[in-house]
Amino acid sequence: MGVESQVGRWAKRTSQVLDFLGIWERKSGDKPQDLPGLMREIARKNPQMGSKDRKEWSDGIYQALRARRYLVTEPWETCLAEGLAARYGVDHPWVQSLLSSRPVTERPLDAFERLGHTGFPGADQVSSRLDSERFFRAQAQTGHAWVRVPTDRWSDFTKQVLERSWPSPKVQDSPFSSMFVTASLPLGLPLHTLPAYDAGWMDIQDWSSQALAEHMPTNPKGRWLDACAGSGGKTLLMHHAYPALQWFVTDVREFVLQELSRRFQRIGWKNYSRAVVDWTQDLPPDLGSFPDRFDGILLDAPCSGSGSWRNQPQAQLRPPVPLEPYILQQSTLLRKLWGRLQSGGYLVYATCSVYAAENENLIHGFLQNNPDAHLEGESYLDGSPVGGDVLFTARLRKT
């Protein structure tokens with residue numbers, strides 16, 4: 001491709017990105033906008049864009065949004081140049097095209113020096129237990145997509161990846177390597193189109209969520225409840241890591257439990273019970289096969305989601321999230337579920353939040369009011385160094 005056509009390519013891509021950002025900004029207003037949904041809508045209206053075009057277009061949008069966090073008053077052209085430079089370097093031809101043809105400065109050279117916590121919603125509420133410099137810098141960088149694959153299917157999985165000419169997966173060490181492999185791939189690959197996904201033996205799950213399995217009690221036994229199971233990602237993780245456990249799963253939404261059942265069916269797992277339950281309310285008189293008390297409870301509590309904003313830069317452009325409704329819900333869930341736990345049982349609390357008020361502060365407040373609760377450990381599972389999200393977990397034992 002000649003120099004002139006290259007210049008035209010990047011000028012066209014810039015125009016496409018800026019057009020989209022203008023649409024997104026107008027539609028957002030004071031309301032959060034479904035960024036991926038809007039991108040799919042616009043892409044469908046432009047079928048002339050090939051897969052490579054869409055990938056560059058998508059990268060430009062996300063990198064411009066990342067830079068907008070700390071360049072609040074700058075034009076989108078500047079945000080695009082800084083965001084792309086932060087990812088690809090100032091010598092990338094797209095960055096050079098922007099610097100040469102538009103009124104932007106060379107600030108991409110020192111973007112990360114200036115970044116810090118600037119613009120992150122509620123930055124002063126982020127837990128002091130995190131490496132704040134590492135965390136905030138990671139928020140301006142693209143993360144990775146993470147998968148979990150049974151060890152005996154790993155060669156099949158890598159073959160499927162390489163057949164598509166995708167980069168080789170990067171394996172992350174795990175205590176469960178004899179059972180499954182945890183690995184990362186570049187973000188944006190259509191992993192859900194792999195035969196492994198359709199067959200049900202490959203799961204897409206962030207590193208921090210997979211690391212939660214390491215914070216279960218030693219040799220857990222008996223009947224366990226996943227109280228806010230969603231579509232069952234963490235339940236499946238625990239099933240793979242601790243296959244002897246008997247699981248009961250609940251959520252307040254029937255449609256996500258239907259997806260959970262389809263997901264479990266793909267792997268042939270039938271030995272579980274499910275029910276639509278809101279544990280913050282009075283319980284129905286009969287929960288079928290559910291026991292009155294559990295040997296263990298996994299409470300992946302509803303939260304601000306602030307630990308998962310790395311790959312959602314649009315979420316970092318919003319005002320600080322009001323935490324009080326989440327804290328009330330988390331406290332109520334913890335209190336009511338504690339009454340469903342056997343003496344000697346364990347409750348594993350988790351959020352994908354980085355705010356202390358939803359995590360260690362809430363847990364220590366619960367401990368003060370419940371003398372039969374013993375804290376066995378708490379930790380932030382910080383995936384920043386490997387391109388993952390952040391998850392908080394605490395393990396409580398009932399005496």
# chains A, B, ... in the order shown; residues from 1 in each chain; ligands from 1
>>> residues_around(residues="Trp146 (chain A)", least_positions_apart="6", cutoff="8 Å", atoms="only C-alpha atoms", output="short mmCIF file (atom, residue, chain, number, x, y, z; two decimals) with C-alpha atoms, in the first residue's frame")
data_model
loop_
_atom_site.label_atom_id
_atom_site.label_comp_id
_atom_site.auth_asym_id
_atom_site.auth_seq_id
_atom_site.Cartn_x
_atom_site.Cartn_y
_atom_site.Cartn_z
CA THR A 182 -5.94 -20.10 32.90
CA ALA A 183 -4.73 -18.06 29.92
CA SER A 184 -5.08 -14.63 28.30
CA LEU A 185 -5.59 -13.45 24.73
CA ILE A 204 -14.46 -16.77 29.33
CA GLN A 205 -13.72 -15.38 32.77
CA ASP A 206 -11.40 -12.67 34.06
CA TRP A 207 -8.21 -13.57 35.91
CA GLY A 388 -7.06 -8.28 34.44
#
>>> closest_atom_pairs(of="region 222-304 of chain A", to="region 338-348 of chain A", cutoff="6 Å", atoms="only C-alpha atoms", output="tab-separated table")
residue	atom	partner	partner_atom	distance
A:Arg293	CA	A:Arg340	CA	4.8
A:Phe294	CA	A:Leu341	CA	5.0
A:Asp295	CA	A:Gly345	CA	4.7
A:Gly296	CA	A:Tyr346	CA	4.7
A:Ile297	CA	A:Leu347	CA	4.7
A:Leu298	CA	A:Val348	CA	4.9
>>> write_last_selection(atoms="N, CA and C atoms", output="compact mmCIF listing (two decimals), in the first residue's frame")
# COMPACT_ATOMS: atom_id res chain seq x y z
N ARG A 293 -30.01 -24.93 56.07
CA ARG A 293 -28.68 -24.41 56.38
C ARG A 293 -27.67 -24.99 55.38
N PHE A 294 -26.63 -24.20 55.11
CA PHE A 294 -25.60 -24.60 54.16
C PHE A 294 -24.25 -24.73 54.85
N ASP A 295 -23.41 -25.59 54.29
CA ASP A 295 -22.04 -25.74 54.79
C ASP A 295 -21.15 -24.59 54.31
N GLY A 296 -21.54 -23.97 53.22
CA GLY A 296 -20.79 -22.84 52.70
C GLY A 296 -21.66 -21.98 51.82
N ILE A 297 -21.35 -20.70 51.77
CA ILE A 297 -22.10 -19.74 50.95
C ILE A 297 -21.10 -18.87 50.19
N LEU A 298 -21.33 -18.75 48.90
CA LEU A 298 -20.58 -17.81 48.07
C LEU A 298 -21.49 -16.62 47.82
>>> closest_residue(among="A:Ala140, A:Leu38, A:Val276, A:Met49", to="Cys79 (chain A)", atoms="only C-alpha atoms")
A:Ala140
>>> select_by_dssp(residues="region 302-368 of chain A", states="strand (DSSP E or B)", output="list of chain:residue names")
A:Leu341, A:Gln342, A:Ser343, A:Gly344, A:Gly345, A:Tyr346, A:Leu347, A:Val348, A:Tyr349, A:Ala350, A:Thr351, A:Tyr355
>>> select_by_dssp(residues="region 97-190 of chain A", states="helix (DSSP H, G or I)", output="ChimeraX atom specification")
/A:97-101,107-115,123-125,132-138,151-163
>>> closest_atom_pairs(of="region 126-220 of chain A", to="region 299-316 of chain A", cutoff="9 Å", atoms="only C-alpha atoms", output="Markdown table")
| residue | atom | partner | partner_atom | distance |
| --- | --- | --- | --- | --- |
| A:Ala138 | CA | A:Arg310 | CA | 7.0 |
| A:Gln139 | CA | A:Arg310 | CA | 4.7 |
| A:Ala140 | CA | A:Arg310 | CA | 7.1 |
| A:Gln141 | CA | A:Arg310 | CA | 7.3 |
| A:Thr142 | CA | A:Asn311 | CA | 6.3 |
| A:Gly143 | CA | A:Asn311 | CA | 6.2 |
| A:His144 | CA | A:Asn311 | CA | 8.6 |
| A:Leu187 | CA | A:Asn311 | CA | 8.8 |
>>> closest_residue(among="A:Gly188, A:Gly232, A:Pro195, A:Gly222", to="Trp57 (chain A)", atoms="only C-alpha atoms")
A:Gly188
>>> atom_distance(atom1="CA of Leu84 (chain A)", atom2="CA of Arg68 (chain A)")
11.9 Å
>>> residues_around(residues="region 151-155 of chain A", least_positions_apart="2", cutoff="6 Å", atoms="only C-alpha atoms", output="ChimeraX atom specification")
/A:157-158,179-181
>>> write_last_selection(atoms="C-alpha atoms", output="short mmCIF file (atom, residue, chain, number, x, y, z; two decimals), in the first residue's frame")
data_model
loop_
_atom_site.label_atom_id
_atom_site.label_comp_id
_atom_site.auth_asym_id
_atom_site.auth_seq_id
_atom_site.Cartn_x
_atom_site.Cartn_y
_atom_site.Cartn_z
CA PHE A 157 -7.98 -25.19 22.31
CA THR A 158 -4.62 -23.86 21.14
CA MET A 179 -7.54 -29.45 36.39
CA PHE A 180 -7.68 -26.42 34.09
CA VAL A 181 -5.51 -23.84 32.36
#
>>> atom_distance(atom1="CA of Arg69 (chain A)", atom2="CA of Ser384 (chain A)")
18.1 Å
